[in-house]
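A short write-up of the structure that comes next.
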Amino acid sequence: MVVSVKSRSADNSTSRGFNTILAAQFFSSLADNALLFAAIALLKELDAPSWQTPVLQQFFVCAFIVLAPFVGAFSDALPKGQVMFISNSIKIVGCMAMLLGLHPLLAYGFVGIGAALYSPAKYGILTEYLPADKLVWANGWMEGLTVAAIILGAIFGGLLIGHRVEDQVVQKLGGLEFNGGIDTAPEFAIFVILGLYLTAAILNYYIPKLPIEHTLSKRTPGFLLADFWRTFLLLWKDPLGQVSLAVTSLFWGAGTSLRFIILAWSAAALQLDLEQATQLTAVVAVGLAIGSVVAAKAVPLEHAVKVLPLGIAMGLVVLAMIWVTDWRLAVMMLILIGTLAGSFLIPMNALLQHRGHQLMGSGHSIAVQNFNENLSILLMLGAYALMIKAGLSVNTIVIVFGLFVSVTMAWLNKKHGHDQDR
């Protein structure tokens, strides 16, 4: 009977700790996504050139690329909860700097440093805290809450920079003797988002402190770079690792670019303002969640490569955006795009994790995956920014984008479509 009580007490403690980890991840991710749209609104308020909008995300992902060889070692050098607390503290400093007048590009880039450090810790702590038979379930919760944070971050960020907040909140703040210098909706949005980061940091503080399980024998920059390069080549030379890494990298590059394209397309084709367009981007994430559920139930790991044609279909549906002028049809189309994306992303992600674990271990695999996915984001957003600077119309950009996705996925399908059958 005593053993039963102890066991129940341990289970309750584990459950509380896991819920704290999830809550911290949710608030941190919610703040990241809401801050993006607040920063976009701040750029518009500063009359920044339109090409700086996608560059904003480039500054954010630069840290993921530059720090990729080192963040894993940093994550393993300290208890994961402490790493997450430090990471959110860095995000808080970046958010405060933006509020105090630092250019949004630089401030959001500093927030990206915190996000790059946070990424391996949030996944690594699951393997340290939970038994192996709970990992798939735990990752499902982690990914589900991250998707929810993307959706709610877009909605919440859109509301904070909208006219209602400008009219009802900011004007009242302007009448106060001391308002902290907050006199616009974007500034108020950043102030609220700062509170979300603080909440996440407080939750990080209460994450159970776990012993350090994996430490490298060497931590010199030269050793870490050489070790990262070795694992990078190993994953790219493996046929299944190659196709899964290529597809997930393409998805994140295309998906991030699509978020910015939707903002411009919504204004041109649907005559929506920034608040409405911001909320429309959340619709794609809803479709992504639907596709993820369908794929998880319908596509076994051994058939993961067979979903590649869905990527071709996604690019073709994106092309159809140029004929859409009604917001209701736009919502349906964006849900379909998200559903197709989720249907091929989840199997490819599972395949990549499986091959990465077999070839080099999950920590190294996540570092290589983050590097490639964020490099794809950097390059595709750079191409989008250049197209804007060259004066191309939104419809032309949509056509180029859709064709690129379809053609690339068709080439990958032709090259790797039968790899798992061999």
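Simple scheme: letters A, B, ... for chains in structure tokens order, numbers from 1 for residues in each chain, numbers from 1 for ligands in the order shown.
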May I have a table of the residues of range 37-151 of chain A lying at most 12 Å from range 237-257 of chain A, giving each one's closest pair of atoms and their distance in Å to one decimal, counting only C-alpha atoms, ordered by chain and ascending residue number, as JSON lines?
```
{"residue": "A:Thr53", "atom": "CA", "partner": "A:Ser257", "partner_atom": "CA", "distance": 10.8}
{"residue": "A:Pro54", "atom": "CA", "partner": "A:Ser257", "partner_atom": "CA", "distance": 7.6}
{"residue": "A:Val55", "atom": "CA", "partner": "A:Ser257", "partner_atom": "CA", "distance": 10.5}
{"residue": "A:Leu56", "atom": "CA", "partner": "A:Thr256", "partner_atom": "CA", "distance": 11.5}
{"residue": "A:Gln57", "atom": "CA", "partner": "A:Thr256", "partner_atom": "CA", "distance": 8.4}
{"residue": "A:Gln58", "atom": "CA", "partner": "A:Thr256", "partner_atom": "CA", "distance": 10.1}
{"residue": "A:Phe60", "atom": "CA", "partner": "A:Thr256", "partner_atom": "CA", "distance": 11.8}
{"residue": "A:Val61", "atom": "CA", "partner": "A:Thr256", "partner_atom": "CA", "distance": 10.8}
{"residue": "A:Ile150", "atom": "CA", "partner": "A:Thr256", "partner_atom": "CA", "distance": 11.5}
```
Report as an NGL selection string all protein, DNA and RNA residues lying within 8 Å of Ser29 in chain A, evaluated on only C-alpha atoms, omitting residues in the same chain fewer than 4 positions from it. :A and (25 or 33 or 146 or 149-150 or 153)
Output file for the residues above (all heavy atoms, as a tab-separated table (two decimals), in the first residue's frame):
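Result file follows (out_25.tsv):
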```
chain	number	residue	atom	x	y	z
A	25	GLN	N	6.54	26.16	-22.89
A	25	GLN	CA	6.71	26.14	-24.34
A	25	GLN	C	5.59	26.90	-25.04
A	25	GLN	O	5.81	27.65	-25.99
A	25	GLN	CB	6.76	24.69	-24.84
A	25	GLN	CG	6.47	24.48	-26.32
A	25	GLN	CD	7.42	25.21	-27.24
A	25	GLN	OE1	8.45	25.70	-26.81
A	25	GLN	NE2	7.08	25.31	-28.52
A	33	ASN	N	5.40	34.21	-31.96
A	33	ASN	CA	4.54	34.41	-33.13
A	33	ASN	C	3.80	35.74	-33.08
A	33	ASN	O	3.65	36.40	-34.10
A	33	ASN	CB	3.55	33.25	-33.24
A	33	ASN	CG	4.20	31.98	-33.74
A	33	ASN	OD1	4.41	31.81	-34.93
A	33	ASN	ND2	4.54	31.08	-32.83
A	146	THR	N	2.45	23.78	-30.01
A	146	THR	CA	3.21	24.70	-30.85
A	146	THR	C	2.37	25.20	-32.01
A	146	THR	O	2.36	26.39	-32.33
A	146	THR	CB	4.49	24.02	-31.39
A	146	THR	OG1	5.31	23.61	-30.27
A	146	THR	CG2	5.30	24.97	-32.25
A	149	ALA	N	-0.05	27.59	-30.68
A	149	ALA	CA	0.60	28.88	-30.42
A	149	ALA	C	0.76	29.68	-31.71
A	149	ALA	O	0.65	30.91	-31.71
A	149	ALA	CB	1.96	28.66	-29.76
A	150	ILE	N	1.03	28.98	-32.83
A	150	ILE	CA	1.14	29.67	-34.13
A	150	ILE	C	-0.20	30.29	-34.51
A	150	ILE	O	-0.29	31.45	-34.92
A	150	ILE	CB	1.61	28.68	-35.22
A	150	ILE	CG1	3.05	28.24	-34.96
A	150	ILE	CG2	1.50	29.31	-36.60
A	150	ILE	CD1	3.52	27.11	-35.86
A	153	GLY	N	-1.11	32.93	-31.84
A	153	GLY	CA	-0.16	34.04	-31.93
A	153	GLY	C	-0.52	34.99	-33.06
A	153	GLY	O	-0.44	36.22	-32.91
```
- Query: range 79-83 of chain A: which residues within 8 Å, counting only C-alpha atoms, same-chain residues fewer than 3 positions away excluded, as a list in words?
  - Reply: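 Here the answer would be Phe74, Ser75, Asp76, Ile86, Ser87, Leu117, Tyr118, Ala121, Lys122, Gly124, Ile125, Asn204, Tyr205, Ile207, Pro208, Lys209, Leu210, Pro211 and Ile212 of chain A.
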- Find the residues around range 335-348 of chain A up to 7 Å (only C-alpha atoms counted), leave out those fewer than 5 positions away in its own chain, and share them as a ChimeraX atom specification. /A:244,247-248,283-292,294-295,299,301,304,307-308,310-311,314,317
Report, in Å to a single decimal, how far apart CA of Tyr129 in chain A and CA of Ile90 in chain A are.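 Answer for the CA of Ile90 in chain A to CA of Tyr129 in chain A separation: 24.4 Å.
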**Request:** Give me, please, the distance in Å between CA of His163 in chain A and CA of Trp51 in chain A, quoted to one decimal.
**Result:**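 A separation of 24.0 Å between them.
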Any idea what's packed within 6 Å of Leu196 in chain A, counting only C-alpha atoms, ignoring anything in its chain fewer than 2 positions away? Could you give it as a ChimeraX atom specification? /A:27,31,193-194,198-199
Based on the selection just made, write N, CA, C and O atoms of those residues as a PDB file, in the first residue's frame.
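Okay, this is what ended up in result.pdb:
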```
ATOM      1  N   PHE A  27       3.615  29.426 -23.915  1.00  0.00           N
ATOM      2  CA  PHE A  27       3.697  30.877 -23.747  1.00  0.00           C
ATOM      3  C   PHE A  27       4.883  31.462 -24.510  1.00  0.00           C
ATOM      4  O   PHE A  27       4.790  32.556 -25.086  1.00  0.00           O
ATOM      5  N   ALA A  31       4.367  34.000 -27.700  1.00  0.00           N
ATOM      6  CA  ALA A  31       5.008  35.311 -27.726  1.00  0.00           C
ATOM      7  C   ALA A  31       5.841  35.499 -28.991  1.00  0.00           C
ATOM      8  O   ALA A  31       5.806  36.571 -29.618  1.00  0.00           O
ATOM      9  N   ILE A 193       3.252  41.412 -25.043  1.00  0.00           N
ATOM     10  CA  ILE A 193       4.041  40.224 -25.393  1.00  0.00           C
ATOM     11  C   ILE A 193       5.201  40.035 -24.422  1.00  0.00           C
ATOM     12  O   ILE A 193       5.579  38.908 -24.089  1.00  0.00           O
ATOM     13  N   LEU A 194       5.754  41.140 -23.935  1.00  0.00           N
ATOM     14  CA  LEU A 194       6.800  41.067 -22.914  1.00  0.00           C
ATOM     15  C   LEU A 194       6.287  40.302 -21.690  1.00  0.00           C
ATOM     16  O   LEU A 194       7.014  39.505 -21.086  1.00  0.00           O
ATOM     17  N   LEU A 198       7.741  36.879 -19.878  1.00  0.00           N
ATOM     18  CA  LEU A 198       7.981  36.816 -18.434  1.00  0.00           C
ATOM     19  C   LEU A 198       7.268  35.610 -17.820  1.00  0.00           C
ATOM     20  O   LEU A 198       7.820  34.910 -16.966  1.00  0.00           O
ATOM     21  N   THR A 199       6.034  35.361 -18.278  1.00  0.00           N
ATOM     22  CA  THR A 199       5.284  34.197 -17.793  1.00  0.00           C
ATOM     23  C   THR A 199       6.023  32.910 -18.124  1.00  0.00           C
ATOM     24  O   THR A 199       6.142  32.006 -17.285  1.00  0.00           O
TER      25      THR A 199
END
```
Practice item. May I ask for the distance between CA of Ile92 in chain A and CA of Val111 in chain A, given in Å to one decimal place? Key: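 Result for CA of Ile92 in chain A versus CA of Val111 in chain A: 7.6 Å, one decimal.
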Among A:Val305, A:Val165, A:Leu30, A:Leu36, Lys414 in chain A is approached most closely, using only C-alpha atoms, by A:Val305
Can you check which parts of range 172-286 of chain A lie within 12 Å of range 318-325 of chain A? Per residue, the shortest pair of atoms and distance in Å to one decimal, counting only C-alpha atoms, sorted by chain and number, as JSON lines.
```
{"residue": "A:Ala254", "atom": "CA", "partner": "A:Val318", "partner_atom": "CA", "distance": 10.8}
{"residue": "A:Gly255", "atom": "CA", "partner": "A:Val318", "partner_atom": "CA", "distance": 11.2}
{"residue": "A:Leu258", "atom": "CA", "partner": "A:Val318", "partner_atom": "CA", "distance": 9.1}
{"residue": "A:Ile261", "atom": "CA", "partner": "A:Val318", "partner_atom": "CA", "distance": 10.7}
{"residue": "A:Ile262", "atom": "CA", "partner": "A:Met321", "partner_atom": "CA", "distance": 9.7}
{"residue": "A:Trp265", "atom": "CA", "partner": "A:Ile322", "partner_atom": "CA", "distance": 8.7}
{"residue": "A:Ser266", "atom": "CA", "partner": "A:Thr325", "partner_atom": "CA", "distance": 9.0}
{"residue": "A:Ala267", "atom": "CA", "partner": "A:Thr325", "partner_atom": "CA", "distance": 10.6}
{"residue": "A:Ala268", "atom": "CA", "partner": "A:Thr325", "partner_atom": "CA", "distance": 9.2}
{"residue": "A:Ala269", "atom": "CA", "partner": "A:Thr325", "partner_atom": "CA", "distance": 5.4}
{"residue": "A:Leu270", "atom": "CA", "partner": "A:Thr325", "partner_atom": "CA", "distance": 5.5}
{"residue": "A:Gln271", "atom": "CA", "partner": "A:Thr325", "partner_atom": "CA", "distance": 8.9}
{"residue": "A:Leu272", "atom": "CA", "partner": "A:Thr325", "partner_atom": "CA", "distance": 10.9}
{"residue": "A:Val284", "atom": "CA", "partner": "A:Val318", "partner_atom": "CA", "distance": 11.5}
```
Next item on the list: Check the DSSP output for the backbone and give back, as number ranges by chain, the residues of range 147-339 of chain A in helix (DSSP H, G or I).
Entry: A: 147-160, 163-174, 185-205, 221-237, 239-269, 274-298, 301-323, 327-339
| query | Of the residues A:Leu35, A:Ala185, A:Leu352, A:Leu334, which is the one nearest to Asn370 in chain A, using only C-alpha atoms? | reply |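 Using only C-alpha atoms, the shortest distance to Asn370 in chain A belongs to A:Leu352.
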Hey, which of A:Ala189, A:Leu130, A:Val398, A:Val71 ends up closest to Tyr384 in chain A? Count only C-alpha atoms.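 Ranking A:Ala189, A:Leu130, A:Val398, A:Val71 by distance to Tyr384 in chain A, first place goes to A:Val398.
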message = Just checking: using only C-alpha atoms, which residue out of A:Phe260, A:Trp236, A:Phe110, A:Tyr206 ends up closest to Phe401 in chain A?
response =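 For Phe401 in chain A, the nearest of the given residues is A:Phe260.
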Quick one: of A:Lys91, A:Arg328, A:Ser406, A:Gly391, who's nearest to Gly195 in chain A, counting only C-alpha atoms?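 Using only C-alpha atoms, the shortest distance to Gly195 in chain A belongs to A:Lys91.
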